[in-house]
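Enquirer: The structure follows.
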Amino acid sequence: MVKSRPACLLMFMAVALASWWSTAICHNITAILDNFPDYSIQNGYMSSTKIADEVNSRQTLTCLVLPNIVMSALAADHTPASLKNALRLLVLLDYFDSQKLHDIDGGTTITTTLFQTTGEAIGQEGFVNITNLRGGRVAFGSAVPGSKLTSDYTKSVRQIPYNISILEISAPIIFPGLFDDGAASDANLTAILENAGCKIFASLISSSGMIKIFQVAMVKGLTLFAPTDEAFKAKGVPDLNSLSSADLVTLLQYHAVASYNPKDSLKTVHHPIATMASGAAGNYEITVTVQGDDVTLHTGVVSSRIARTVLDETPVCILTVESVLLPEELFGNAPSLEPAPAPGAAEESPAPQVATPVMAPAPAPALAKVPAPAPAVLSPADSPVSAPAAESPDDVADKEDDRSTAAVAKVTSFCVVMAAAAVLM
């Protein structure tokens with residue numbers, strides 16, 4: 001029985017390490033496509049609409065890409081907001097390479113796309129039909145009944161087995177009604193907030209005049225963290241009637257960011273976020289923590305979980321929050337609404353999380369450089385015949401894949417050795 005403990009421990013460590021490594025290895029779709037300028041337009045739209053963040057949060061998928069001439073024509077006819085779901089339809093939540101496309105059982109398969117995960121798809125709108133036709137042709141189309149196979153597989157672009165595959169197709173995948181949604185800037189902001197249970201917040205931004213500032217910001221980018229009515233009625237929330245008009249405006253500005261930041265993008269943020277209140281009067285920043293699918297905002301006075309997404313139409317996102325966000329610059333002397341520290345903790349005044357100015361780290365003092373030796377004078381016979389050739393994007397990507405593959409092989413081998421040792425014990 002005693003001898004089995006080390007064996008169990010080794011087995012557990014091997015499994016844990018393998019599991020950790022599988023999640024640690026990830027991809028960056030923006031960086032990958034940067035090596036392929038033929039898809040720069042789609043790459044740009046995936047970044048600006050934050051679809052890239054959604055792609056990077058997943059591990060097994062296929063990204064269908066459109067040549068610049070095709071993507072340019074598509075973008076010319078539609079707004080970024082209406083393009084967002086069209087881009088999601090090009091992300092398949094399964095791994096397909098050229099061989100798998102040509103080996104589809106029965107010739108046809110229906111696969112899930114990123115659009116299906118939004119909850120906005122109706123019926124089969126979030127699925128794509130892939131059909132292996134005669135003569136080696138593979139076609140794509142919407143799975144909505146009556147839809148045609150309007151796009152053909154053109155070529156393979158990049159694979160990182162079995163993590164991500166990038167395939168070029170000839171045309172976008174669409175279905176009737178895909179581009180029918182209006183732009184977010186046309187929406188009645190007050191009505192949206194009231195319908196989401198944020199009537200108090202809607203009333204405050206209207207009476208203070210902030211509604212006009214937010215509507216202007218909606219054209220280029222706006223994220224609102226809207227407290228629910230219950231949040232304003234919660235115990236510990238200061239009396240807003242005691243605030244001056246200027247402080248009330250600052251508080252409302254603190255609930256807004258002048259850029260598009262949907263929930264999935266907030267999960268990738270590792271630095272304080274400047275709000276519309278940020279400026280000479282103080283930092284007025286928010287920090288973000290993530291646990292599973294929960295995203296929590298921290299002000300230094302309170303912490304508030306994002307409750308739900310009310311509107312997500314590039315470049316506007318409205319998210320409800322469970323607590324009023326109280327900036328430390330205005331409410332730093334108010335009793336903290338954060339959980340009390342555990343008994344026995346050191347009696348130290350907690351360092352403010354956000355209020356202190358966030359400064360870029362000072363550069364390390366420069367070290368004295370040792371003078372390089374003078375270059376040797378080469379005779380014509382010793383001179384290189386020619387400079388090394390520049391690496392192509394494919395070569396660069398191949399080297400990155402080789403390094404990842406080598407690292408995977410090393411860790412896998414180590415896990416196998418540990419598991420074998422556990423069995424022998």
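Note on naming: chains are A, B, ... as they come in the structure tokens, residues start from 1 per chain, ligands start from 1 in the order shown.
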Would you list the contacts of Asp247 (chain A) as a PDB file with N, CA and C atoms, in the first residue's frame, taking every protein, DNA or RNA residue within 12 Å and counting only C-alpha atoms, but skipping same-chain residues closer than 6 positions in sequence?
Expert:
ATOM      1  N   SER A 208     -28.616  64.302 -16.870  1.00  0.00           N
ATOM      2  CA  SER A 208     -27.305  64.956 -16.758  1.00  0.00           C
ATOM      3  C   SER A 208     -26.759  65.437 -18.096  1.00  0.00           C
ATOM      4  N   LEU A 240     -26.625  59.521  -4.132  1.00  0.00           N
ATOM      5  CA  LEU A 240     -26.187  60.262  -5.318  1.00  0.00           C
ATOM      6  C   LEU A 240     -26.687  61.701  -5.307  1.00  0.00           C
ATOM      7  N   ASN A 241     -27.750  61.982  -4.522  1.00  0.00           N
ATOM      8  CA  ASN A 241     -28.265  63.352  -4.447  1.00  0.00           C
ATOM      9  C   ASN A 241     -27.283  64.282  -3.747  1.00  0.00           C
ATOM     10  N   GLN A 253     -19.511  58.960 -16.335  1.00  0.00           N
ATOM     11  CA  GLN A 253     -18.431  58.732 -17.299  1.00  0.00           C
ATOM     12  C   GLN A 253     -17.580  57.524 -16.900  1.00  0.00           C
ATOM     13  N   TYR A 254     -17.472  57.292 -15.602  1.00  0.00           N
ATOM     14  CA  TYR A 254     -16.684  56.157 -15.103  1.00  0.00           C
ATOM     15  C   TYR A 254     -17.302  54.818 -15.517  1.00  0.00           C
ATOM     16  N   ALA A 277     -13.972  58.907 -17.795  1.00  0.00           N
ATOM     17  CA  ALA A 277     -13.674  59.852 -16.718  1.00  0.00           C
ATOM     18  C   ALA A 277     -12.179  60.062 -16.531  1.00  0.00           C
ATOM     19  N   ALA A 281      -7.893  64.931 -13.745  1.00  0.00           N
ATOM     20  CA  ALA A 281      -8.412  64.883 -12.378  1.00  0.00           C
ATOM     21  C   ALA A 281      -8.085  63.571 -11.666  1.00  0.00           C
ATOM     22  N   LEU A 326     -17.960  52.487  -8.101  1.00  0.00           N
ATOM     23  CA  LEU A 326     -17.582  53.677  -7.336  1.00  0.00           C
ATOM     24  C   LEU A 326     -16.087  53.919  -7.473  1.00  0.00           C
ATOM     25  N   PRO A 327     -15.686  54.972  -8.176  1.00  0.00           N
ATOM     26  CA  PRO A 327     -14.247  55.224  -8.359  1.00  0.00           C
ATOM     27  C   PRO A 327     -13.601  55.660  -7.049  1.00  0.00           C
ATOM     28  N   GLU A 329     -11.267  57.691  -6.659  1.00  0.00           N
ATOM     29  CA  GLU A 329     -10.997  59.129  -6.643  1.00  0.00           C
ATOM     30  C   GLU A 329     -12.152  59.913  -6.008  1.00  0.00           C
ATOM     31  N   LEU A 330     -13.385  59.401  -6.117  1.00  0.00           N
ATOM     32  CA  LEU A 330     -14.539  60.080  -5.528  1.00  0.00           C
ATOM     33  C   LEU A 330     -14.957  59.482  -4.188  1.00  0.00           C
ATOM     34  N   PHE A 331     -14.797  58.162  -4.042  1.00  0.00           N
ATOM     35  CA  PHE A 331     -15.338  57.473  -2.866  1.00  0.00           C
ATOM     36  C   PHE A 331     -14.267  56.712  -2.093  1.00  0.00           C
TER      37      PHE A 331
END
Enquirer: Env of region 98-111 of chain A: 6 Å cut, atoms = only C-alpha atoms, seq-sep filter 3 positions within chain, self excluded. Answer as a ChimeraX atom specification.
Expert: /A:127-132
Enquirer: Using only C-alpha atoms, determine which residues lie at most 10 Å from Gln159 (chain A), disregarding the query and same-chain residues fewer than 2 positions distant; provide the list as a PDB file with C-alpha atoms, in the first residue's frame.
Expert:
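Heads up, here's the output in selection.pdb:
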ATOM      1  CA  THR A  62     -10.900  26.008 -38.502  1.00  0.00           C
ATOM      2  CA  TYR A  95     -10.515  20.926 -37.120  1.00  0.00           C
ATOM      3  CA  PHE A  96     -10.577  20.466 -40.899  1.00  0.00           C
ATOM      4  CA  ASP A  97      -7.555  20.139 -43.143  1.00  0.00           C
ATOM      5  CA  SER A  98      -7.478  19.305 -46.836  1.00  0.00           C
ATOM      6  CA  SER A 156      -4.818  25.246 -47.458  1.00  0.00           C
ATOM      7  CA  VAL A 157      -3.079  28.211 -45.803  1.00  0.00           C
ATOM      8  CA  PRO A 161      -2.451  20.122 -35.875  1.00  0.00           C
ATOM      9  CA  TYR A 162      -4.875  19.684 -34.258  1.00  0.00           C
ATOM     10  CA  ASN A 163      -5.278  23.109 -32.820  1.00  0.00           C
ATOM     11  CA  ILE A 164      -6.075  25.467 -35.659  1.00  0.00           C
ATOM     12  CA  SER A 165      -6.443  25.135 -39.414  1.00  0.00           C
ATOM     13  CA  ILE A 166      -6.695  28.038 -41.853  1.00  0.00           C
ATOM     14  CA  LEU A 167      -8.288  27.385 -45.237  1.00  0.00           C
ATOM     15  CA  ALA A 397       5.386  30.189 -39.832  1.00  0.00           C
ATOM     16  CA  ASP A 398       6.990  26.783 -40.375  1.00  0.00           C
ATOM     17  CA  ASP A 401       5.253  25.492 -35.830  1.00  0.00           C
TER      18      ASP A 401
END
Enquirer: Could you pull out all residues of region 105-228 of chain A with a DSSP call of strand (DSSP E or B) and give them as a PyMOL selection string?
Expert: chain A and resi 108-113+127-132+138-142+151-160+164-169+222-227
Enquirer: Give the answer as one residue: which of A:Ile51, A:Ala196, A:Val65, A:Val301 has the shortest atom-to-atom distance to Asn85 (chain A), using only C-alpha atoms?
Expert: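 Ranking A:Ile51, A:Ala196, A:Val65, A:Val301 by distance to Asn85 (chain A), first place goes to A:Ile51.
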Enquirer: For Thr309 (chain A), which residue out of A:Pro176, A:Pro262, A:Gly135, A:Pro145 is the nearest one, using only C-alpha atoms?
Expert: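 Distance minimum relative to Thr309 (chain A) lands on A:Pro262.
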Enquirer: Could you work out how far CA of Val295 (chain A) lies from CA of Lys267 (chain A), giving the answer in Å with one decimal?
Expert: 6.7 Å
Enquirer: Out of A:Ser242, A:Ser259, A:Asn35, A:Asn283, which residue has the shortest atom-to-atom distance to Met218 (chain A) when counting only C-alpha atoms?
Expert: A:Ser259
